[in-house]
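Chemist: Okay, handing you the structure first.
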Amino acid sequence: MKKFEDLGLNPKLLKAVSRLKYENPTPVQEQSIPPILAGKHVVACAQTGTGKTAAFVLPTIQSITRSSRKKPVPHALVVVPTRELATQVEKVAKVAAQPYEYKVRSVVGGIKYKPQLERLSRGVDVLVATPGRLLDLTDDKQIDLSQIQILILDEADRMLDMGFWPPIKKILNMIPRDSQKLLFSATIGSEINKMVGAHMKNSVKVEIARKGETAQHIIQSCMPVEHSQKADLLLALLSRRSTGKTLIFTRTKRRANMLARILSKNKIKCQAIHGDRSQSQRTRALKDFTTNRIDILVTTDVMARGIHVDNIDTVINYDTPVSPEDYVHRIGRTGRAGQKGDAITFVAPEEMLALRDIEFLMKEVIPAVDLEDFPYREGRTIPSEKRLAVKEKPKPFQHRSRKKSSRPRNRRR
């Protein structure tokens, strides 16, 4: 097994590695750090929780050089989809940058504009940003991207899902063409491949896991249930099983709030966290969850890759995700660093097709289980034990189109 000393990191970075309490490099770190240090474009695909942040932060800090300007301008830019992920990257980057006395700043949406401007006015070497706020700053000419030496797109597929691709294209056109570009993600789709072909030619590809692969230590199961019985099933499940630190995913922010209220009424310590919550509320909820002040955090897909909390025991998909990739990211919050985890998915009859899409992506069937003595209604759909969802891709649902009439329409004049 290789050590960080074998990857080309200099003594300053090795001290930072020690402060970050990293022992041995993970596969994505081992395969990504050397080509990044060599100045090559890198496209890395790896499961969540495999150490991707350090894989790009450490070599980036070592590679950039500060210009002779009195006030530092950013030479490295990390673009992330959520505020929580920006906080995580900033935290790691600050430790790594300390021996170099580089200034690391983050700018994100949903937070007051003026305080962020004040921090930027004191100089920045490494900038971590969400796309919308970054474009606000560039449009107001508050930040200069002309000196960017390395651009990192973290969780690129999530930014694509969230509609951030047009802003990303604008950002790519603002930075120098010869800048080094790094793309890290858990899945690589066709749109990302187009961007790679246009902006990252001759890039080194690092693939730690095939598309749809999940951590081996996660025990997956699905529970068929009528949609109207989901809340009752969840309460019964939580009362009968010791789920430990639990993360529950819903499809919408409204359902997250509703579910958090139901759990609280039943004296279960929980909070909801999603895009409509203020930054202070989100920070407090994550802190309470991390420090075990609450047992359960209810969230949405937007937060699936922004939540980085160690030792999550159970992930419950209260709503089956429509996107199979979202399922992979959701359950990737547990079973991290070789630890065991449980992933339970509630599946209503109308969600069976989504379940088949997930199974096709992962090339495996998720076992269906029942909660003993729970009064299930007869209307639920139980997946067949003999289903071969992995052999052929399910046909997407198609709306019937009306036949066009040959009669001319009367147009109003």
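Residues are referred to by chain and number: the chain letter is A, B, ... according to the order shown in the structure tokens, the number counts from 1 in that chain, and ligands are numbered separately from 1 in the order shown.
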Determine, counting only C-alpha atoms, which protein, DNA and RNA residues have an atom within 12 Å of an atom of Ile64 in chain A; residues of the same chain fewer than 3 positions away are not included. Present the result as a VMD selection string.
Modeler: chain A and resid 36 to 37 39 57 to 61 67 73 to 77 97 100 102 125 to 126 147 to 151 179 to 180
Chemist: Write a file of the just-selected residues containing N, CA and C atoms, as a PDB file, in the first residue's frame.
Modeler:
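Here's the written file result-v3.pdb:
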```pdb
ATOM      1  N   ILE A  36      -2.328  15.268 -11.079  1.00  0.00           N
ATOM      2  CA  ILE A  36      -2.613  16.678 -10.807  1.00  0.00           C
ATOM      3  C   ILE A  36      -1.315  17.438 -10.573  1.00  0.00           C
ATOM      4  N   LEU A  37      -0.418  16.857  -9.803  1.00  0.00           N
ATOM      5  CA  LEU A  37       0.891  17.492  -9.570  1.00  0.00           C
ATOM      6  C   LEU A  37       1.679  17.632 -10.858  1.00  0.00           C
ATOM      7  N   GLY A  39       0.410  18.507 -13.582  1.00  0.00           N
ATOM      8  CA  GLY A  39      -0.207  19.561 -14.373  1.00  0.00           C
ATOM      9  C   GLY A  39      -1.225  19.082 -15.387  1.00  0.00           C
ATOM     10  N   VAL A  57      -7.627  18.950  -3.214  1.00  0.00           N
ATOM     11  CA  VAL A  57      -7.141  20.078  -2.407  1.00  0.00           C
ATOM     12  C   VAL A  57      -5.634  20.004  -2.201  1.00  0.00           C
ATOM     13  N   LEU A  58      -5.112  18.864  -1.791  1.00  0.00           N
ATOM     14  CA  LEU A  58      -3.683  18.748  -1.472  1.00  0.00           C
ATOM     15  C   LEU A  58      -2.784  19.087  -2.663  1.00  0.00           C
ATOM     16  N   PRO A  59      -2.963  18.464  -3.831  1.00  0.00           N
ATOM     17  CA  PRO A  59      -2.082  18.813  -4.954  1.00  0.00           C
ATOM     18  C   PRO A  59      -2.308  20.220  -5.488  1.00  0.00           C
ATOM     19  N   THR A  60      -3.539  20.736  -5.351  1.00  0.00           N
ATOM     20  CA  THR A  60      -3.815  22.095  -5.815  1.00  0.00           C
ATOM     21  C   THR A  60      -3.032  23.108  -4.994  1.00  0.00           C
ATOM     22  N   ILE A  61      -3.038  22.967  -3.684  1.00  0.00           N
ATOM     23  CA  ILE A  61      -2.298  23.885  -2.810  1.00  0.00           C
ATOM     24  C   ILE A  61      -0.813  23.862  -3.152  1.00  0.00           C
ATOM     25  N   SER A  67       0.919  35.358  -7.318  1.00  0.00           N
ATOM     26  CA  SER A  67       1.449  36.406  -8.187  1.00  0.00           C
ATOM     27  C   SER A  67       2.079  37.504  -7.344  1.00  0.00           C
ATOM     28  N   VAL A  73      -5.112  37.645  -5.518  1.00  0.00           N
ATOM     29  CA  VAL A  73      -6.310  37.310  -6.287  1.00  0.00           C
ATOM     30  C   VAL A  73      -6.355  35.787  -6.396  1.00  0.00           C
ATOM     31  N   PRO A  74      -7.523  35.198  -6.615  1.00  0.00           N
ATOM     32  CA  PRO A  74      -7.586  33.734  -6.615  1.00  0.00           C
ATOM     33  C   PRO A  74      -6.775  33.092  -7.736  1.00  0.00           C
ATOM     34  N   HIS A  75      -6.012  32.087  -7.362  1.00  0.00           N
ATOM     35  CA  HIS A  75      -5.255  31.306  -8.342  1.00  0.00           C
ATOM     36  C   HIS A  75      -5.813  29.889  -8.453  1.00  0.00           C
ATOM     37  N   ALA A  76      -6.658  29.518  -7.500  1.00  0.00           N
ATOM     38  CA  ALA A  76      -7.368  28.244  -7.575  1.00  0.00           C
ATOM     39  C   ALA A  76      -8.838  28.512  -7.270  1.00  0.00           C
ATOM     40  N   LEU A  77      -9.715  27.895  -8.063  1.00  0.00           N
ATOM     41  CA  LEU A  77     -11.155  28.078  -7.897  1.00  0.00           C
ATOM     42  C   LEU A  77     -11.816  26.712  -7.792  1.00  0.00           C
ATOM     43  N   ALA A  97      -3.536  24.823   3.342  1.00  0.00           N
ATOM     44  CA  ALA A  97      -2.909  26.073   2.903  1.00  0.00           C
ATOM     45  C   ALA A  97      -2.117  26.766   4.000  1.00  0.00           C
ATOM     46  N   TYR A 100       1.637  27.418   3.702  1.00  0.00           N
ATOM     47  CA  TYR A 100       1.980  28.339   2.616  1.00  0.00           C
ATOM     48  C   TYR A 100       1.500  29.758   2.894  1.00  0.00           C
ATOM     49  N   TYR A 102      -1.421  30.746   2.469  1.00  0.00           N
ATOM     50  CA  TYR A 102      -2.411  31.104   1.466  1.00  0.00           C
ATOM     51  C   TYR A 102      -3.738  31.421   2.157  1.00  0.00           C
ATOM     52  N   ASP A 125      -6.397  33.511  -2.125  1.00  0.00           N
ATOM     53  CA  ASP A 125      -5.581  32.688  -3.017  1.00  0.00           C
ATOM     54  C   ASP A 125      -6.379  31.502  -3.557  1.00  0.00           C
ATOM     55  N   VAL A 126      -7.178  30.887  -2.674  1.00  0.00           N
ATOM     56  CA  VAL A 126      -8.020  29.756  -3.064  1.00  0.00           C
ATOM     57  C   VAL A 126      -9.464  30.137  -2.782  1.00  0.00           C
ATOM     58  N   GLN A 147      -6.518  35.199 -13.220  1.00  0.00           N
ATOM     59  CA  GLN A 147      -5.277  34.580 -12.768  1.00  0.00           C
ATOM     60  C   GLN A 147      -5.471  33.134 -12.287  1.00  0.00           C
ATOM     61  N   ILE A 148      -6.628  32.569 -12.585  1.00  0.00           N
ATOM     62  CA  ILE A 148      -6.898  31.194 -12.145  1.00  0.00           C
ATOM     63  C   ILE A 148      -5.947  30.218 -12.837  1.00  0.00           C
ATOM     64  N   GLN A 149      -5.229  29.472 -12.031  1.00  0.00           N
ATOM     65  CA  GLN A 149      -4.307  28.457 -12.558  1.00  0.00           C
ATOM     66  C   GLN A 149      -4.935  27.063 -12.554  1.00  0.00           C
ATOM     67  N   ILE A 150      -5.793  26.813 -11.565  1.00  0.00           N
ATOM     68  CA  ILE A 150      -6.458  25.507 -11.458  1.00  0.00           C
ATOM     69  C   ILE A 150      -7.931  25.724 -11.148  1.00  0.00           C
ATOM     70  N   LEU A 151      -8.804  25.090 -11.937  1.00  0.00           N
ATOM     71  CA  LEU A 151     -10.244  25.104 -11.700  1.00  0.00           C
ATOM     72  C   LEU A 151     -10.686  23.696 -11.324  1.00  0.00           C
ATOM     73  N   SER A 179      -5.494  27.090 -18.214  1.00  0.00           N
ATOM     74  CA  SER A 179      -5.569  26.682 -16.809  1.00  0.00           C
ATOM     75  C   SER A 179      -5.822  25.180 -16.713  1.00  0.00           C
ATOM     76  N   GLN A 180      -5.343  24.594 -15.639  1.00  0.00           N
ATOM     77  CA  GLN A 180      -5.547  23.166 -15.383  1.00  0.00           C
ATOM     78  C   GLN A 180      -6.959  22.967 -14.851  1.00  0.00           C
TER      79      GLN A 180
END
```
Chemist: Find the spatial neighbours of Lys12 in chain A, counting only C-alpha atoms, within a cut-off of 12 Å - ignore same-chain residues fewer than 4 positions away - and output them as a list of chain:residue names.
Modeler: A:Glu5, A:Gly8, A:Ala16, A:Val17, A:Ser18, A:Arg19, A:Leu58, A:Pro59, A:Ile61, A:Gln62, A:Val95, A:Ala96, A:Ala97, A:Gln98, A:Pro99, A:Tyr100, A:Glu101
Chemist: A:Val225, A:Arg240, A:Ser280, A:Gly197: which is nearest Asp370 in chain A, counting only C-alpha atoms?
Modeler: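 When distances to Asp370 in chain A are compared using only C-alpha atoms, the smallest one comes from A:Val225.
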Chemist: Near range 343-349 of chain A, counting only C-alpha atoms, which residues have an atom at most 8 Å away, once you skip same-chain residues fewer than 2 positions from it, shown as a VMD selection string?
Modeler: chain A and resid 218 to 227 230 314 to 320 331 334 341 351 to 352 355 380 to 381
Chemist: Write out as a PyMOL selection string the set of residues from range 43-203 of chain A that DSSP, computed on the backbone, places in strand (DSSP E or B).
Modeler: chain A and resi 43-45+76-79+104-107+126-129+150-154+180-185
Chemist: Let's see if you can do this: from backbone DSSP, list all helix (DSSP H, G or I) residues in range 202-399 of chain A, as a VMD selection string.
Modeler: chain A and resid 227 to 240 253 to 265 279 to 290 301 to 303 324 to 331 336 to 338 349 to 362
Chemist: Would you write out those residues with C-alpha atoms, as an mmCIF file, in the first residue's frame?
Modeler:
```
data_model
loop_
_atom_site.group_PDB
_atom_site.id
_atom_site.type_symbol
_atom_site.label_atom_id
_atom_site.label_comp_id
_atom_site.auth_asym_id
_atom_site.auth_seq_id
_atom_site.Cartn_x
_atom_site.Cartn_y
_atom_site.Cartn_z
ATOM 1 C CA HIS A 227 -48.212 6.051 -0.015
ATOM 2 C CA SER A 228 -50.726 7.001 2.691
ATOM 3 C CA GLN A 229 -49.101 4.567 5.151
ATOM 4 C CA LYS A 230 -45.525 5.789 4.839
ATOM 5 C CA ALA A 231 -45.607 7.950 7.971
ATOM 6 C CA ASP A 232 -47.102 5.152 10.078
ATOM 7 C CA LEU A 233 -44.537 2.683 8.748
ATOM 8 C CA LEU A 234 -41.696 5.058 9.544
ATOM 9 C CA LEU A 235 -42.887 5.583 13.127
ATOM 10 C CA ALA A 236 -43.276 1.826 13.600
ATOM 11 C CA LEU A 237 -39.842 1.180 12.121
ATOM 12 C CA LEU A 238 -38.141 3.759 14.360
ATOM 13 C CA SER A 239 -39.895 2.423 17.475
ATOM 14 C CA ARG A 240 -38.992 -1.223 16.821
ATOM 15 C CA LYS A 253 -38.953 20.526 0.952
ATOM 16 C CA ARG A 254 -42.610 20.645 1.970
ATOM 17 C CA ARG A 255 -42.629 16.905 2.683
ATOM 18 C CA ALA A 256 -39.410 17.259 4.684
ATOM 19 C CA ASN A 257 -41.037 19.879 6.912
ATOM 20 C CA MET A 258 -44.203 17.812 7.246
ATOM 21 C CA LEU A 259 -42.302 14.680 8.203
ATOM 22 C CA ALA A 260 -40.142 16.537 10.743
ATOM 23 C CA ARG A 261 -43.307 17.849 12.417
ATOM 24 C CA ILE A 262 -44.812 14.344 12.589
ATOM 25 C CA LEU A 263 -41.651 12.926 14.153
ATOM 26 C CA SER A 264 -41.374 15.786 16.641
ATOM 27 C CA LYS A 265 -44.990 15.285 17.733
ATOM 28 C CA GLN A 279 -27.860 29.287 6.613
ATOM 29 C CA SER A 280 -27.953 29.624 10.397
ATOM 30 C CA GLN A 281 -30.759 27.032 10.605
ATOM 31 C CA ARG A 282 -28.863 24.631 8.341
ATOM 32 C CA THR A 283 -25.638 25.079 10.267
ATOM 33 C CA ARG A 284 -27.378 24.539 13.601
ATOM 34 C CA ALA A 285 -29.198 21.430 12.353
ATOM 35 C CA LEU A 286 -25.982 19.870 11.049
ATOM 36 C CA LYS A 287 -24.166 20.705 14.272
ATOM 37 C CA ASP A 288 -26.933 19.165 16.390
ATOM 38 C CA PHE A 289 -26.908 16.067 14.190
ATOM 39 C CA THR A 290 -23.125 15.756 14.297
ATOM 40 C CA ASP A 301 -31.953 15.450 -2.692
ATOM 41 C CA VAL A 302 -30.443 18.918 -3.010
ATOM 42 C CA MET A 303 -28.609 18.208 0.239
ATOM 43 C CA PRO A 324 -31.264 6.397 -9.978
ATOM 44 C CA GLU A 325 -28.060 8.388 -9.468
ATOM 45 C CA ASP A 326 -29.711 10.212 -6.568
ATOM 46 C CA TYR A 327 -30.294 6.849 -4.895
ATOM 47 C CA VAL A 328 -26.570 6.099 -5.073
ATOM 48 C CA HIS A 329 -25.715 9.475 -3.532
ATOM 49 C CA ARG A 330 -28.358 9.211 -0.839
ATOM 50 C CA ILE A 331 -27.282 5.838 0.485
ATOM 51 C CA ARG A 336 -18.376 5.293 4.740
ATOM 52 C CA ALA A 337 -14.725 4.468 5.406
ATOM 53 C CA GLY A 338 -15.434 0.745 5.511
ATOM 54 C CA PRO A 349 -47.042 1.335 -6.022
ATOM 55 C CA GLU A 350 -46.444 4.412 -8.188
ATOM 56 C CA GLU A 351 -42.712 4.251 -7.363
ATOM 57 C CA MET A 352 -42.108 0.708 -8.639
ATOM 58 C CA LEU A 353 -40.780 1.910 -11.995
ATOM 59 C CA ALA A 354 -38.302 4.180 -10.194
ATOM 60 C CA LEU A 355 -37.166 1.147 -8.177
ATOM 61 C CA ARG A 356 -36.558 -0.825 -11.378
ATOM 62 C CA ASP A 357 -34.497 2.064 -12.796
ATOM 63 C CA ILE A 358 -32.344 2.030 -9.656
ATOM 64 C CA GLU A 359 -31.834 -1.722 -9.883
ATOM 65 C CA PHE A 360 -30.906 -1.461 -13.547
ATOM 66 C CA LEU A 361 -28.272 1.169 -12.776
ATOM 67 C CA MET A 362 -26.754 -0.884 -9.961
#
```
Chemist: Interatomic distance between CA of Asp310 in chain A and CA of Leu247 in chain A?
Modeler: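 CA of Leu247 in chain A lies 11.6 Å from CA of Asp310 in chain A.
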Chemist: Restricting the calculation to only C-alpha atoms: of A:Pro131, A:Gly335, A:Pro176, A:Pro367, which residue gets closest to Thr50 in chain A?
Modeler: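 Closest residue, counting only C-alpha atoms: A:Gly335.
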Chemist: Which residues of range 36-93 of chain A sit at most 9 Å from range 155-159 of chain A, using only C-alpha atoms? Give each one's shortest atom pair and distance in Å (one decimal place), in chain and ascending residue order, as a Markdown table.
Modeler:
```
| residue | atom | partner | partner_atom | distance |
| --- | --- | --- | --- | --- |
| A:Val79 | CA | A:Ala156 | CA | 8.7 |
| A:Val80 | CA | A:Glu155 | CA | 6.5 |
| A:Pro81 | CA | A:Met159 | CA | 5.3 |
| A:Thr82 | CA | A:Met159 | CA | 8.8 |
```
Chemist: Include N, CA and C atoms and write out the residues we just selected as a compact mmCIF listing (two decimals), in the first residue's frame.
Modeler:
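Writing done, so here's part01.txt:
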```txt
# COMPACT_ATOMS: atom_id res chain seq x y z
N VAL A 79 -15.51 25.05 -7.55
CA VAL A 79 -16.94 25.32 -7.72
C VAL A 79 -17.72 24.11 -7.21
N VAL A 80 -18.66 24.37 -6.30
CA VAL A 80 -19.43 23.30 -5.65
C VAL A 80 -20.92 23.63 -5.73
N PRO A 81 -21.80 22.64 -5.59
CA PRO A 81 -23.23 22.90 -5.74
C PRO A 81 -23.94 23.46 -4.51
N THR A 82 -23.42 23.19 -3.31
CA THR A 82 -24.16 23.58 -2.10
C THR A 82 -23.27 24.31 -1.09
```
